[in-house]
Amino acid sequence: MSTESITPLRQRMIEDMNARKLCAGTQRGHIHSCKRFAMFLKRSPDTATAEDIRRFQLHLSETGASICNRNRTMTGLRFLFRVTLRRLDLAGEIYHIREPQKIPLVMSQDETRRLLAVANSLKVRVLLSLGYGCGLRAGEVVRLKVKHIDSAQKIIRVEQSKSLPLRRRGAARTAMSCCRPRRSICYANGGRCAHRVMMPERRWRNAGCFLAPSAASR
């Protein structure tokens, strides 16, 4: 999308989101929510009234939007009215629906062992072991760098985690065993077999553990 196609209202909202350090995914979601509201109104959102917001929320309910999707949409609109437009009266018309609590599906120890057993490479096995044993998200595992792993204290430093700039995870014994010097998880040396790789020298500390050198430096 060219910069000429961005309306002044959207540009101001983007600036407000950037000033508050909202991540790119959150910003895209908020912009999508406002576009959806504008399509419903068939005019700019800054001309909306309390009745328009009431009708839009009723429209989401009648069209079968899920509770999660509906709450996400209204969160974007609330940012628009509360922050960008300073219309606290309209922001007060927005409500969220309580989502039902769901019991998460958790793999048993036997299922986990079978999953690791069918991993087709050591790299994949280490990825899965760290994610399961240390409670890491998939994106957090692939973004790990050599300097983030403290084998002595059995701690993994997680950067760019969801909603937090930094957090530390205690590593399970089995997962941490993958990080021993002669079984390094670092593939920054060009992808040679991990069991032949010693723990990287100081110059590799900023390298990604599972990414190729070119991707890790981005």
# chains A, B, ... in the order shown; residues from 1 in each chain; ligands from 1
>>> select_by_dssp(residues="segment 12-181 of chain A", states="strand (DSSP E)", output="list in words")
Ile149, Asp150, Ile155, Ile156, Arg157, Val158, Glu159, Gln160, Ser161, Leu164, Pro165, Leu166, Arg167, Arg168, Arg169 and Gly170 of chain A
>>> residues_around(residues="Leu116 of chain A", least_positions_apart="3", cutoff="9 Å", atoms="only C-alpha atoms", output="ChimeraX atom specification")
/A:111-113,119-120,124-126,128-129
>>> write_last_selection(atoms="all heavy atoms", output="PDB file, in the first residue's frame")
ATOM      1  N   GLU A 111       3.179 -39.631  25.146  1.00  0.00           N
ATOM      2  CA  GLU A 111       2.968 -39.023  23.836  1.00  0.00           C
ATOM      3  C   GLU A 111       4.142 -38.138  23.455  1.00  0.00           C
ATOM      4  O   GLU A 111       4.552 -38.091  22.283  1.00  0.00           O
ATOM      5  CB  GLU A 111       1.674 -38.215  23.850  1.00  0.00           C
ATOM      6  CG  GLU A 111       0.414 -39.054  23.920  1.00  0.00           C
ATOM      7  CD  GLU A 111      -0.829 -38.220  24.089  1.00  0.00           C
ATOM      8  OE1 GLU A 111      -0.736 -37.129  24.706  1.00  0.00           O
ATOM      9  OE2 GLU A 111      -1.897 -38.639  23.614  1.00  0.00           O
ATOM     10  N   THR A 112       4.690 -37.417  24.434  1.00  0.00           N
ATOM     11  CA  THR A 112       5.841 -36.557  24.165  1.00  0.00           C
ATOM     12  C   THR A 112       7.051 -37.372  23.752  1.00  0.00           C
ATOM     13  O   THR A 112       7.778 -37.021  22.811  1.00  0.00           O
ATOM     14  CB  THR A 112       6.174 -35.707  25.402  1.00  0.00           C
ATOM     15  OG1 THR A 112       5.020 -34.964  25.799  1.00  0.00           O
ATOM     16  CG2 THR A 112       7.309 -34.754  25.112  1.00  0.00           C
ATOM     17  N   ARG A 113       7.299 -38.480  24.453  1.00  0.00           N
ATOM     18  CA  ARG A 113       8.432 -39.341  24.103  1.00  0.00           C
ATOM     19  C   ARG A 113       8.276 -39.910  22.697  1.00  0.00           C
ATOM     20  O   ARG A 113       9.242 -39.990  21.930  1.00  0.00           O
ATOM     21  CB  ARG A 113       8.564 -40.472  25.131  1.00  0.00           C
ATOM     22  CG  ARG A 113       9.239 -40.055  26.433  1.00  0.00           C
ATOM     23  CD  ARG A 113       9.601 -41.268  27.274  1.00  0.00           C
ATOM     24  NE  ARG A 113       8.406 -41.917  27.797  1.00  0.00           N
ATOM     25  CZ  ARG A 113       7.876 -41.660  28.995  1.00  0.00           C
ATOM     26  NH1 ARG A 113       8.451 -40.765  29.786  1.00  0.00           N
ATOM     27  NH2 ARG A 113       6.798 -42.291  29.408  1.00  0.00           N
ATOM     28  N   ALA A 119      11.106 -37.692  15.458  1.00  0.00           N
ATOM     29  CA  ALA A 119      11.755 -36.511  14.884  1.00  0.00           C
ATOM     30  C   ALA A 119      12.826 -36.961  13.890  1.00  0.00           C
ATOM     31  O   ALA A 119      13.643 -37.828  14.193  1.00  0.00           O
ATOM     32  CB  ALA A 119      12.373 -35.659  15.984  1.00  0.00           C
ATOM     33  N   ASN A 120      12.816 -36.365  12.696  1.00  0.00           N
ATOM     34  CA  ASN A 120      13.676 -36.865  11.626  1.00  0.00           C
ATOM     35  C   ASN A 120      15.096 -36.329  11.673  1.00  0.00           C
ATOM     36  O   ASN A 120      15.916 -36.685  10.837  1.00  0.00           O
ATOM     37  CB  ASN A 120      13.057 -36.537  10.256  1.00  0.00           C
ATOM     38  CG  ASN A 120      12.796 -35.045  10.106  1.00  0.00           C
ATOM     39  OD1 ASN A 120      13.229 -34.245  10.925  1.00  0.00           O
ATOM     40  ND2 ASN A 120      12.079 -34.692   9.050  1.00  0.00           N
ATOM     41  N   VAL A 124      15.542 -30.958  14.810  1.00  0.00           N
ATOM     42  CA  VAL A 124      14.109 -30.944  15.115  1.00  0.00           C
ATOM     43  C   VAL A 124      13.865 -31.469  16.524  1.00  0.00           C
ATOM     44  O   VAL A 124      13.032 -30.936  17.272  1.00  0.00           O
ATOM     45  CB  VAL A 124      13.337 -31.790  14.079  1.00  0.00           C
ATOM     46  CG1 VAL A 124      11.874 -31.921  14.481  1.00  0.00           C
ATOM     47  CG2 VAL A 124      13.452 -31.168  12.696  1.00  0.00           C
ATOM     48  N   ARG A 125      14.613 -32.505  16.928  1.00  0.00           N
ATOM     49  CA  ARG A 125      14.447 -33.073  18.263  1.00  0.00           C
ATOM     50  C   ARG A 125      14.805 -32.053  19.344  1.00  0.00           C
ATOM     51  O   ARG A 125      14.135 -31.944  20.360  1.00  0.00           O
ATOM     52  CB  ARG A 125      15.301 -34.329  18.407  1.00  0.00           C
ATOM     53  CG  ARG A 125      14.931 -35.189  19.615  1.00  0.00           C
ATOM     54  CD  ARG A 125      15.758 -36.461  19.651  1.00  0.00           C
ATOM     55  NE  ARG A 125      15.660 -37.196  18.405  1.00  0.00           N
ATOM     56  CZ  ARG A 125      16.677 -37.473  17.617  1.00  0.00           C
ATOM     57  NH1 ARG A 125      17.900 -37.082  17.948  1.00  0.00           N
ATOM     58  NH2 ARG A 125      16.512 -38.155  16.499  1.00  0.00           N
ATOM     59  N   VAL A 126      15.859 -31.283  19.102  1.00  0.00           N
ATOM     60  CA  VAL A 126      16.263 -30.262  20.072  1.00  0.00           C
ATOM     61  C   VAL A 126      15.242 -29.135  20.124  1.00  0.00           C
ATOM     62  O   VAL A 126      14.896 -28.632  21.191  1.00  0.00           O
ATOM     63  CB  VAL A 126      17.662 -29.715  19.723  1.00  0.00           C
ATOM     64  CG1 VAL A 126      18.021 -28.542  20.618  1.00  0.00           C
ATOM     65  CG2 VAL A 126      18.699 -30.808  19.869  1.00  0.00           C
ATOM     66  N   LEU A 128      11.991 -29.316  19.544  1.00  0.00           N
ATOM     67  CA  LEU A 128      10.828 -29.801  20.265  1.00  0.00           C
ATOM     68  C   LEU A 128      11.129 -29.972  21.758  1.00  0.00           C
ATOM     69  O   LEU A 128      10.288 -29.663  22.604  1.00  0.00           O
ATOM     70  CB  LEU A 128      10.364 -31.138  19.669  1.00  0.00           C
ATOM     71  CG  LEU A 128       9.833 -31.084  18.231  1.00  0.00           C
ATOM     72  CD1 LEU A 128       9.554 -32.491  17.711  1.00  0.00           C
ATOM     73  CD2 LEU A 128       8.580 -30.225  18.146  1.00  0.00           C
ATOM     74  N   SER A 129      12.318 -30.450  22.077  1.00  0.00           N
ATOM     75  CA  SER A 129      12.677 -30.665  23.481  1.00  0.00           C
ATOM     76  C   SER A 129      12.727 -29.350  24.247  1.00  0.00           C
ATOM     77  O   SER A 129      12.242 -29.253  25.374  1.00  0.00           O
ATOM     78  CB  SER A 129      14.025 -31.384  23.573  1.00  0.00           C
ATOM     79  OG  SER A 129      13.971 -32.661  22.975  1.00  0.00           O
TER      80      SER A 129
END
>>> residues_around(residues="segment 78-91 of chain A", least_positions_apart="2", cutoff="12 Å", atoms="only C-alpha atoms", output="VMD selection string")
chain A and resid 8 to 20 22 26 to 27 29 to 35 37 to 38 44 to 54 71 to 76 93 to 96
>>> select_by_dssp(residues="segment 40-71 of chain A", states="alpha helix (DSSP H)", output="list of chain:residue names")
A:Phe40, A:Leu41, A:Ala50, A:Glu51, A:Asp52, A:Ile53, A:Arg54, A:Arg55, A:Phe56, A:Gln57, A:Leu58, A:His59, A:Leu60, A:Ser61, A:Glu62, A:Ile67, A:Cys68, A:Asn69, A:Arg70, A:Asn71
